[in-house]
>>> print(open('target-v6.cif').read())   # mmCIF, C-alpha atoms and all ligand atoms
data_my_file
#
loop_
_atom_site.group_PDB
_atom_site.id
_atom_site.type_symbol
_atom_site.label_atom_id
_atom_site.label_comp_id
_atom_site.auth_asym_id
_atom_site.auth_seq_id
_atom_site.Cartn_x
_atom_site.Cartn_y
_atom_site.Cartn_z
ATOM 1 C CA MET F 14 -3.527 -14.468 7.901
ATOM 2 C CA LYS F 15 -1.984 -11.190 9.079
ATOM 3 C CA ILE F 16 0.311 -9.654 6.506
ATOM 4 C CA VAL F 17 2.274 -6.475 5.807
ATOM 5 C CA LEU F 18 3.056 -5.554 2.175
ATOM 6 C CA LEU F 19 6.303 -3.626 1.782
ATOM 7 C CA GLY F 20 7.767 -2.181 -1.387
ATOM 8 C CA PRO F 21 8.624 1.024 -3.221
ATOM 9 C CA PRO F 22 5.928 3.276 -4.710
ATOM 10 C CA GLY F 23 4.521 1.569 -7.795
ATOM 11 C CA ALA F 24 5.823 -1.919 -6.922
ATOM 12 C CA GLY F 25 2.225 -3.167 -7.122
ATOM 13 C CA LYS F 26 1.217 -3.428 -3.427
ATOM 14 C CA GLY F 27 -2.333 -2.191 -4.057
ATOM 15 C CA THR F 28 -2.761 -4.368 -7.145
ATOM 16 C CA LEU F 29 -1.537 -7.480 -5.296
ATOM 17 C CA ALA F 30 -3.707 -6.730 -2.239
ATOM 18 C CA LYS F 31 -6.803 -6.443 -4.459
ATOM 19 C CA GLY F 32 -5.852 -9.762 -6.095
ATOM 20 C CA LEU F 33 -5.394 -11.612 -2.779
ATOM 21 C CA LYS F 34 -8.288 -10.068 -0.850
ATOM 22 C CA ASP F 35 -11.021 -12.428 -2.021
ATOM 23 C CA HIS F 36 -8.767 -15.469 -2.399
ATOM 24 C CA PHE F 37 -7.817 -15.428 1.293
ATOM 25 C CA ASN F 38 -10.796 -13.405 2.566
ATOM 26 C CA LEU F 39 -8.546 -10.716 4.040
ATOM 27 C CA MET F 40 -9.226 -7.094 4.783
ATOM 28 C CA HIS F 41 -7.140 -4.654 2.706
ATOM 29 C CA ILE F 42 -5.984 -1.770 4.888
ATOM 30 C CA SER F 43 -4.222 0.903 2.799
ATOM 31 C CA THR F 44 -3.101 3.990 4.720
ATOM 32 C CA GLY F 45 -2.699 5.831 1.378
ATOM 33 C CA ASP F 46 -6.372 5.112 0.526
ATOM 34 C CA MET F 47 -7.494 6.110 4.033
ATOM 35 C CA LEU F 48 -5.605 9.413 3.818
ATOM 36 C CA ARG F 49 -6.941 10.163 0.312
ATOM 37 C CA GLU F 50 -10.487 9.517 1.629
ATOM 38 C CA GLU F 51 -9.875 12.083 4.406
ATOM 39 C CA MET F 52 -8.606 14.524 1.739
ATOM 40 C CA LYS F 53 -11.704 13.943 -0.379
ATOM 41 C CA ASN F 54 -13.936 14.625 2.636
ATOM 42 C CA GLY F 55 -12.017 17.819 3.476
ATOM 43 C CA THR F 56 -11.425 16.820 7.122
ATOM 44 C CA ASP F 57 -8.709 18.456 9.264
ATOM 45 C CA LEU F 58 -6.705 15.240 8.991
ATOM 46 C CA GLY F 59 -7.158 15.310 5.216
ATOM 47 C CA LYS F 60 -5.976 18.943 4.997
ATOM 48 C CA GLU F 61 -2.855 18.109 7.014
ATOM 49 C CA ALA F 62 -2.191 14.943 4.947
ATOM 50 C CA LYS F 63 -2.556 16.826 1.623
ATOM 51 C CA LYS F 64 0.498 19.007 2.344
ATOM 52 C CA HIS F 65 2.736 15.966 2.794
ATOM 53 C CA ILE F 66 1.245 13.685 0.133
ATOM 54 C CA GLU F 67 1.404 16.240 -2.671
ATOM 55 C CA SER F 68 5.087 16.919 -2.013
ATOM 56 C CA GLY F 69 5.871 13.192 -1.805
ATOM 57 C CA GLY F 70 6.832 13.345 1.886
ATOM 58 C CA LEU F 71 5.474 11.262 4.758
ATOM 59 C CA VAL F 72 2.495 12.208 6.889
ATOM 60 C CA PRO F 73 3.764 12.448 10.517
ATOM 61 C CA ASP F 74 4.007 9.096 12.335
ATOM 62 C CA GLU F 75 1.636 10.018 15.174
ATOM 63 C CA ILE F 76 -1.200 10.934 12.752
ATOM 64 C CA VAL F 77 -0.970 7.743 10.691
ATOM 65 C CA THR F 78 -0.417 5.488 13.690
ATOM 66 C CA LYS F 79 -3.500 6.882 15.453
ATOM 67 C CA MET F 80 -5.561 6.222 12.306
ATOM 68 C CA VAL F 81 -4.341 2.594 12.127
ATOM 69 C CA GLU F 82 -4.853 2.029 15.845
ATOM 70 C CA SER F 83 -8.429 3.255 15.587
ATOM 71 C CA LYS F 84 -9.070 0.877 12.664
ATOM 72 C CA PHE F 85 -7.903 -2.146 14.701
ATOM 73 C CA LYS F 86 -9.891 -1.051 17.759
ATOM 74 C CA ASN F 87 -13.141 -0.263 15.973
ATOM 75 C CA ASP F 88 -13.436 -2.450 12.869
ATOM 76 C CA LYS F 89 -14.409 -6.027 13.766
ATOM 77 C CA ASN F 90 -13.536 -7.232 10.244
ATOM 78 C CA THR F 91 -9.827 -6.890 11.074
ATOM 79 C CA LYS F 92 -10.266 -9.974 13.299
ATOM 80 C CA ASN F 93 -10.613 -12.247 10.224
ATOM 81 C CA GLY F 94 -7.146 -11.369 8.908
ATOM 82 C CA PHE F 95 -5.695 -8.412 7.065
ATOM 83 C CA MET F 96 -3.131 -7.058 4.617
ATOM 84 C CA LEU F 97 -1.547 -3.765 5.617
ATOM 85 C CA ASP F 98 -0.495 -1.798 2.524
ATOM 86 C CA GLY F 99 1.658 1.332 3.018
ATOM 87 C CA PHE F 100 1.999 0.901 6.792
ATOM 88 C CA PRO F 101 4.444 0.740 8.487
ATOM 89 C CA ARG F 102 6.719 3.116 6.597
ATOM 90 C CA THR F 103 9.219 4.070 9.323
ATOM 91 C CA LYS F 104 10.983 2.194 12.137
ATOM 92 C CA GLN F 105 8.804 4.103 14.617
ATOM 93 C CA GLN F 106 5.628 2.964 12.835
ATOM 94 C CA ALA F 107 6.907 -0.645 12.786
ATOM 95 C CA GLU F 108 7.486 -0.564 16.545
ATOM 96 C CA ASP F 109 4.100 1.071 17.135
ATOM 97 C CA LEU F 110 2.405 -1.551 14.950
ATOM 98 C CA ASP F 111 3.858 -4.337 17.122
ATOM 99 C CA LYS F 112 2.294 -2.677 20.173
ATOM 100 C CA ILE F 113 -1.097 -2.136 18.478
ATOM 101 C CA LEU F 114 -1.254 -5.761 17.287
ATOM 102 C CA ALA F 115 -0.151 -7.097 20.688
ATOM 103 C CA LYS F 116 -3.016 -5.169 22.305
ATOM 104 C CA VAL F 117 -5.599 -6.731 19.973
ATOM 105 C CA GLY F 118 -3.925 -10.183 20.097
ATOM 106 C CA GLN F 119 -3.226 -10.263 16.341
ATOM 107 C CA PRO F 120 0.559 -10.566 15.807
ATOM 108 C CA LEU F 121 1.878 -10.572 12.226
ATOM 109 C CA ASP F 122 2.352 -13.876 10.370
ATOM 110 C CA CYS F 123 4.469 -12.521 7.561
ATOM 111 C CA VAL F 124 5.863 -9.472 5.768
ATOM 112 C CA LEU F 125 5.951 -9.609 1.964
ATOM 113 C CA SER F 126 8.632 -7.455 0.402
ATOM 114 C CA LEU F 127 7.908 -6.617 -3.258
ATOM 115 C CA ASP F 128 11.152 -6.094 -5.177
ATOM 116 C CA ALA F 129 10.846 -4.026 -8.366
ATOM 117 C CA SER F 130 13.405 -2.114 -10.419
ATOM 118 C CA LEU F 131 13.397 1.679 -10.666
ATOM 119 C CA SER F 132 12.604 1.686 -14.390
ATOM 120 C CA ILE F 133 9.601 -0.607 -13.844
ATOM 121 C CA VAL F 134 8.122 1.451 -10.991
ATOM 122 C CA LEU F 135 8.570 4.705 -12.914
ATOM 123 C CA GLU F 136 6.764 3.261 -15.914
ATOM 124 C CA ARG F 137 3.962 1.903 -13.683
ATOM 125 C CA LEU F 138 3.386 5.143 -11.771
ATOM 126 C CA THR F 139 3.413 7.485 -14.745
ATOM 127 C CA GLY F 140 0.864 5.260 -16.565
ATOM 128 C CA ARG F 141 -1.448 4.575 -13.606
ATOM 129 C CA SER F 142 -5.065 5.664 -13.373
ATOM 130 C CA VAL F 143 -7.502 5.050 -10.505
ATOM 131 C CA CYS F 144 -11.295 4.899 -10.357
ATOM 132 C CA ARG F 145 -12.695 7.819 -8.363
ATOM 133 C CA ALA F 146 -15.690 5.733 -7.279
ATOM 134 C CA CYS F 147 -14.409 2.225 -6.435
ATOM 135 C CA GLY F 148 -10.597 2.632 -6.334
ATOM 136 C CA ALA F 149 -9.924 0.037 -9.083
ATOM 137 C CA LEU F 150 -6.423 0.371 -10.560
ATOM 138 C CA TYR F 151 -5.553 0.627 -14.257
ATOM 139 C CA HIS F 152 -2.453 1.205 -16.340
ATOM 140 C CA ILE F 153 -2.395 2.822 -19.732
ATOM 141 C CA LYS F 154 -0.350 -0.076 -21.226
ATOM 142 C CA ASN F 155 -0.361 -2.995 -18.757
ATOM 143 C CA MET F 156 -4.016 -2.917 -17.637
ATOM 144 C CA PRO F 157 -6.003 -0.502 -19.812
ATOM 145 C CA SER F 158 -9.712 0.023 -19.202
ATOM 146 C CA LYS F 159 -11.991 -1.073 -22.054
ATOM 147 C CA LYS F 160 -13.313 2.461 -22.541
ATOM 148 C CA ASP F 161 -10.929 5.397 -22.205
ATOM 149 C CA GLY F 162 -11.267 7.145 -18.811
ATOM 150 C CA VAL F 163 -14.111 4.891 -17.607
ATOM 151 C CA CYS F 164 -13.896 2.133 -14.970
ATOM 152 C CA ASP F 165 -14.741 -1.375 -16.294
ATOM 153 C CA LYS F 166 -16.068 -2.435 -12.893
ATOM 154 C CA CYS F 167 -18.439 0.396 -11.926
ATOM 155 C CA GLY F 168 -18.471 2.956 -14.766
ATOM 156 C CA GLY F 169 -16.765 5.546 -12.515
ATOM 157 C CA GLU F 170 -14.396 8.236 -13.784
ATOM 158 C CA LEU F 171 -10.672 7.387 -13.947
ATOM 159 C CA TYR F 172 -8.157 9.975 -12.752
ATOM 160 C CA GLN F 173 -4.414 10.332 -12.304
ATOM 161 C CA ARG F 174 -3.205 10.751 -8.710
ATOM 162 C CA ALA F 175 -1.770 14.220 -7.935
ATOM 163 C CA ASP F 176 1.423 12.586 -6.579
ATOM 164 C CA ASP F 177 2.026 10.583 -9.780
ATOM 165 C CA ASN F 178 4.116 13.269 -11.505
ATOM 166 C CA GLU F 179 7.843 12.924 -12.142
ATOM 167 C CA LYS F 180 9.015 15.413 -9.506
ATOM 168 C CA THR F 181 6.894 13.952 -6.687
ATOM 169 C CA ILE F 182 7.686 10.370 -7.705
ATOM 170 C CA LYS F 183 11.411 11.173 -7.370
ATOM 171 C CA ASN F 184 10.827 12.483 -3.852
ATOM 172 C CA ARG F 185 8.682 9.477 -2.895
ATOM 173 C CA MET F 186 11.483 7.163 -4.054
ATOM 174 C CA GLU F 187 14.061 9.018 -1.951
ATOM 175 C CA VAL F 188 11.780 8.930 1.086
ATOM 176 C CA TYR F 189 11.276 5.183 0.544
ATOM 177 C CA SER F 190 15.054 4.501 0.435
ATOM 178 C CA LYS F 191 15.755 6.614 3.485
ATOM 179 C CA SER F 192 12.810 5.869 5.795
ATOM 180 C CA THR F 193 11.123 2.641 4.693
ATOM 181 C CA GLU F 194 13.825 0.376 3.254
ATOM 182 C CA PRO F 195 15.566 0.079 6.660
ATOM 183 C CA ILE F 196 12.528 -1.690 8.122
ATOM 184 C CA ILE F 197 13.122 -4.623 5.761
ATOM 185 C CA ASP F 198 15.965 -5.630 8.123
ATOM 186 C CA PHE F 199 13.738 -5.040 11.148
ATOM 187 C CA TYR F 200 11.386 -7.761 9.867
ATOM 188 C CA LYS F 201 14.200 -9.988 8.549
ATOM 189 C CA ASN F 202 15.601 -10.096 12.085
ATOM 190 C CA LYS F 203 12.207 -11.176 13.392
ATOM 191 C CA GLY F 204 12.118 -14.035 10.842
ATOM 192 C CA LEU F 205 8.948 -12.658 9.214
ATOM 193 C CA LEU F 206 10.275 -11.497 5.823
ATOM 194 C CA LYS F 207 9.440 -13.154 2.492
ATOM 195 C CA SER F 208 10.666 -11.478 -0.701
ATOM 196 C CA LEU F 209 9.110 -11.718 -4.140
ATOM 197 C CA ASP F 210 9.983 -10.547 -7.622
ATOM 198 C CA ALA F 211 7.366 -7.885 -8.399
ATOM 199 C CA ASN F 212 8.844 -7.025 -11.821
ATOM 200 C CA LYS F 213 6.761 -9.809 -13.343
ATOM 201 C CA GLU F 214 3.291 -9.475 -14.836
ATOM 202 C CA ALA F 215 0.503 -8.953 -12.238
ATOM 203 C CA GLU F 216 -1.204 -12.362 -12.493
ATOM 204 C CA GLU F 217 2.157 -14.148 -12.248
ATOM 205 C CA VAL F 218 3.002 -12.163 -9.096
ATOM 206 C CA ARG F 219 -0.418 -13.028 -7.626
ATOM 207 C CA GLN F 220 -0.111 -16.768 -8.334
ATOM 208 C CA TYR F 221 3.437 -16.876 -6.970
ATOM 209 C CA THR F 222 2.330 -15.097 -3.768
ATOM 210 C CA ILE F 223 -0.595 -17.470 -3.241
ATOM 211 C CA LYS F 224 1.832 -20.432 -3.429
ATOM 212 C CA LEU F 225 4.276 -18.672 -1.112
ATOM 213 C CA LEU F 226 1.571 -17.990 1.487
ATOM 214 C CA ASN F 227 0.100 -21.487 1.244
ATOM 215 C CA GLY F 228 3.529 -23.112 1.481
HETATM 216 P P1 LIG F 301 0.369 5.127 -0.981
HETATM 217 O O1 LIG F 301 -0.962 5.305 -1.560
HETATM 218 O O2 LIG F 301 0.616 4.023 -0.015
HETATM 219 O O3 LIG F 301 1.407 5.110 -2.186
HETATM 220 P P2 LIG F 301 2.772 4.308 -2.459
HETATM 221 O O4 LIG F 301 3.346 3.536 -1.318
HETATM 222 O O5 LIG F 301 3.643 5.333 -3.075
HETATM 223 O O6 LIG F 301 2.364 3.185 -3.364
HETATM 224 P P3 LIG F 301 1.497 3.305 -4.640
HETATM 225 O O7 LIG F 301 0.038 3.280 -4.277
HETATM 226 O O8 LIG F 301 1.958 4.463 -5.457
HETATM 227 O O9 LIG F 301 1.930 2.005 -5.431
HETATM 228 P P4 LIG F 301 1.577 0.475 -5.287
HETATM 229 O O10 LIG F 301 2.806 -0.262 -4.876
HETATM 230 O O11 LIG F 301 0.345 0.248 -4.459
HETATM 231 O O12 LIG F 301 1.295 0.155 -6.810
HETATM 232 P P5 LIG F 301 -0.092 -0.124 -7.578
HETATM 233 O O13 LIG F 301 -0.612 -1.472 -7.208
HETATM 234 O O14 LIG F 301 -0.998 1.043 -7.459
HETATM 235 O O15 LIG F 301 0.828 6.484 -0.220
HETATM 236 C C1 LIG F 301 0.688 7.743 -0.811
HETATM 237 C C2 LIG F 301 1.191 8.810 0.142
HETATM 238 O O16 LIG F 301 0.410 8.785 1.369
HETATM 239 C C3 LIG F 301 2.647 8.670 0.620
HETATM 240 O O17 LIG F 301 3.564 9.228 -0.300
HETATM 241 C C4 LIG F 301 2.605 9.426 1.960
HETATM 242 O O18 LIG F 301 2.656 10.802 1.772
HETATM 243 C C5 LIG F 301 1.221 9.076 2.506
HETATM 244 N N1 LIG F 301 1.258 7.877 3.379
HETATM 245 C C6 LIG F 301 0.647 6.683 3.150
HETATM 246 N N2 LIG F 301 0.908 5.818 4.149
HETATM 247 C C7 LIG F 301 1.713 6.479 5.023
HETATM 248 C C8 LIG F 301 2.355 6.106 6.248
HETATM 249 N N3 LIG F 301 2.237 4.875 6.730
HETATM 250 N N4 LIG F 301 3.125 7.035 6.871
HETATM 251 C C9 LIG F 301 3.263 8.282 6.387
HETATM 252 N N5 LIG F 301 2.693 8.703 5.230
HETATM 253 C C10 LIG F 301 1.929 7.802 4.551
HETATM 254 O O19 LIG F 301 0.463 -0.235 -9.075
HETATM 255 C C11 LIG F 301 0.971 0.872 -9.771
HETATM 256 C C12 LIG F 301 0.605 0.780 -11.273
HETATM 257 O O20 LIG F 301 1.258 -0.362 -11.837
HETATM 258 C C13 LIG F 301 -0.896 0.564 -11.541
HETATM 259 O O21 LIG F 301 -1.221 1.279 -12.695
HETATM 260 C C14 LIG F 301 -1.039 -0.945 -11.800
HETATM 261 O O22 LIG F 301 -2.077 -1.197 -12.719
HETATM 262 C C15 LIG F 301 0.328 -1.299 -12.385
HETATM 263 N N6 LIG F 301 0.815 -2.616 -11.945
HETATM 264 C C16 LIG F 301 0.823 -3.076 -10.670
HETATM 265 N N7 LIG F 301 1.392 -4.301 -10.611
HETATM 266 C C17 LIG F 301 1.773 -4.597 -11.891
HETATM 267 C C18 LIG F 301 2.430 -5.721 -12.489
HETATM 268 N N8 LIG F 301 2.830 -6.765 -11.744
HETATM 269 N N9 LIG F 301 2.674 -5.681 -13.810
HETATM 270 C C19 LIG F 301 2.289 -4.630 -14.553
HETATM 271 N N10 LIG F 301 1.670 -3.534 -14.063
HETATM 272 C C20 LIG F 301 1.405 -3.517 -12.744
#
>>> encode(input="target-v6.cif", output="structure tokens")
Amino acid sequence: MKIVLLGPPGAGKGTLAKGLKDHFNLMHISTGDMLREEMKNGTDLGKEAKKHIESGGLVPDEIVTKMVESKFKNDKNTKNGFMLDGFPRTKQQAEDLDKILAKVGQPLDCVLSLDASLSIVLERLTGRSVCRACGALYHIKNMPSKKDGVCDKCGGELYQRADDNEKTIKNRMEVYSKSTEPIIDFYKNKGLLKSLDANKEAEEVRQYTIKLLNG
């Protein structure tokens, strides 16, 4: 299965991808995670990405597209199926993705659009914490860790992302409406789009998506 997950910041793309990964044996490819890894390692790419991520803007298309292209060329695990999370984010990226996937003979099967209200995404982002070691996701109210600040899965330290503050979230939302929302129609016109209500509780969203993908 070859899937793109679309949706506003905080809709639950990462949470859903983690919940579907083992069920369907799919690779989770998150451009946000890849960029944060570059930032952590202090690479030139990471330094460039930091400027855009911390203001809530988009990293330039050519940088992100090159990173995704290299993943599909060099990682054999992408051949078994994948979920792209956070890419594409612009019409240009969507067109480039078509070309990349045509080259590797892996055209998309479906694009899942996660619909969530503004109040829900705001509440989710301001309460989110992430494990520094394994990337597991938590929420102060919806999915709290058993021990404050400590990951249930690996014992790693939980932290709040630098872009999860009110000012940056507002900018990320505006960027989503302006640059990413228009590609929903791009995929609708290709007959690939399936929408789901992501306002619901995480396990309900996961079960619904499994049925949708099996159907
Ligand atoms: P990225 O990391 O992709 O961030 P995002 O798209 O803003 O999405 P988030 O990770 O914030 O949210 P999510 O939908 O995955 O929600 P999550 O599952 O974590 O990108 C970050 C930045 O990198 C961008 O701003 C940009 O600068 C740059 N970038 C990345 N890709 C790029 C590209 N292609 N081009 C250019 N720049 C790019 O859930 C959120 C919280 O809610 C969690 O706490 C979770 O526990 C909770 N939760 C989730 N689902 C539910 C549920 N159903 N019920 C209750 N709680 C839930």
>>> residues_near_ligand(input="target-v6.cif", ligand="ligand LIG 301 (chain F)", cutoff="7 Å", atoms="only C-alpha atoms and all ligand atoms", output="ChimeraX atom specification")
/F:20-29,43-46,48,65-66,69-74,77,98-102,137-138,140-142,150-152,155-156,185,211-216,218
>>> closest_residue(input="target-v6.cif", among="F:Leu121, F:Ile16, F:Met96, F:Ile42", to="Lys203 of chain F", atoms="all atoms listed in the file")
F:Leu121
>>> closest_residue(input="target-v6.cif", among="F:Gln119, F:Asn38, F:Asn184, F:Ser192", to="Gln105 of chain F", atoms="all atoms listed in the file")
F:Ser192
>>> resolve_selection(input="target-v6.cif", expression="the PyMOL selection byres (((chain F and resi 107-115) around 10) and not hetatm)", output="number ranges by chain")
F: 15, 74-75, 78-79, 81-83, 85-86, 100-106, 116-121, 193, 196, 199-200
>>> resolve_selection(input="target-v6.cif", expression="the PyMOL selection byres (((chain F and resi 57-61) around 10) and not hetatm)", output="PyMOL selection string")
chain F and resi 47-56+62-66+72-73+76-77+80
>>> residues_around(input="target-v6.cif", residues="Leu205 of chain F", least_positions_apart="4", cutoff="7 Å", atoms="only C-alpha atoms", output="ChimeraX atom specification")
/F:122-124,200-201
>>> atom_distance(input="target-v6.cif", atom1="atom CA of Phe95 of chain F", atom2="atom CA of Phe37 of chain F")
9.3 Å
>>> closest_residue(input="target-v6.cif", among="F:Glu217, F:Glu187, F:Asp165, F:Glu67", to="Leu131 of chain F", atoms="all atoms listed in the file")
F:Glu187
>>> axis_aligned_box(input="target-v6.cif", around="segment 19-24 of chain F", padding_each_side="6 Å", output="AutoDock Vina command-line options")
--center_x 6.6 --center_y -0.2 --center_z -3.0 --size_x 16.1 --size_y 18.9 --size_z 21.6
>>> atom_distance(input="target-v6.cif", atom1="atom CA of Thr181 of chain F", atom2="atom CA of Lys159 of chain F")
28.6 Å
>>> closest_residue(input="target-v6.cif", among="F:Ala30, F:Ala149, F:Ile223, F:Leu209", to="Ala129 of chain F", atoms="all atoms listed in the file")
F:Leu209
>>> closest_residue(input="target-v6.cif", among="F:Leu33, F:Leu39, F:Leu125, F:Ala146", to="Asn93 of chain F", atoms="only C-alpha atoms")
F:Leu39
>>> resolve_selection(input="target-v6.cif", expression="the PyMOL selection byres (((chain F and resi 169) around 7) and not hetatm)", output="list in words")
Cys144, Arg145, Ala146, Val163, Cys164, Cys167, Gly168, Glu170 and Leu171 of chain F
>>> atom_distance(input="target-v6.cif", atom1="atom CA of Asn178 of chain F", atom2="atom CA of Val143 of chain F")
14.3 Å
>>> closest_residue(input="target-v6.cif", among="F:Ile197, F:Asp35, F:Ser68, F:Val188", to="Asp176 of chain F", atoms="only C-alpha atoms")
F:Ser68
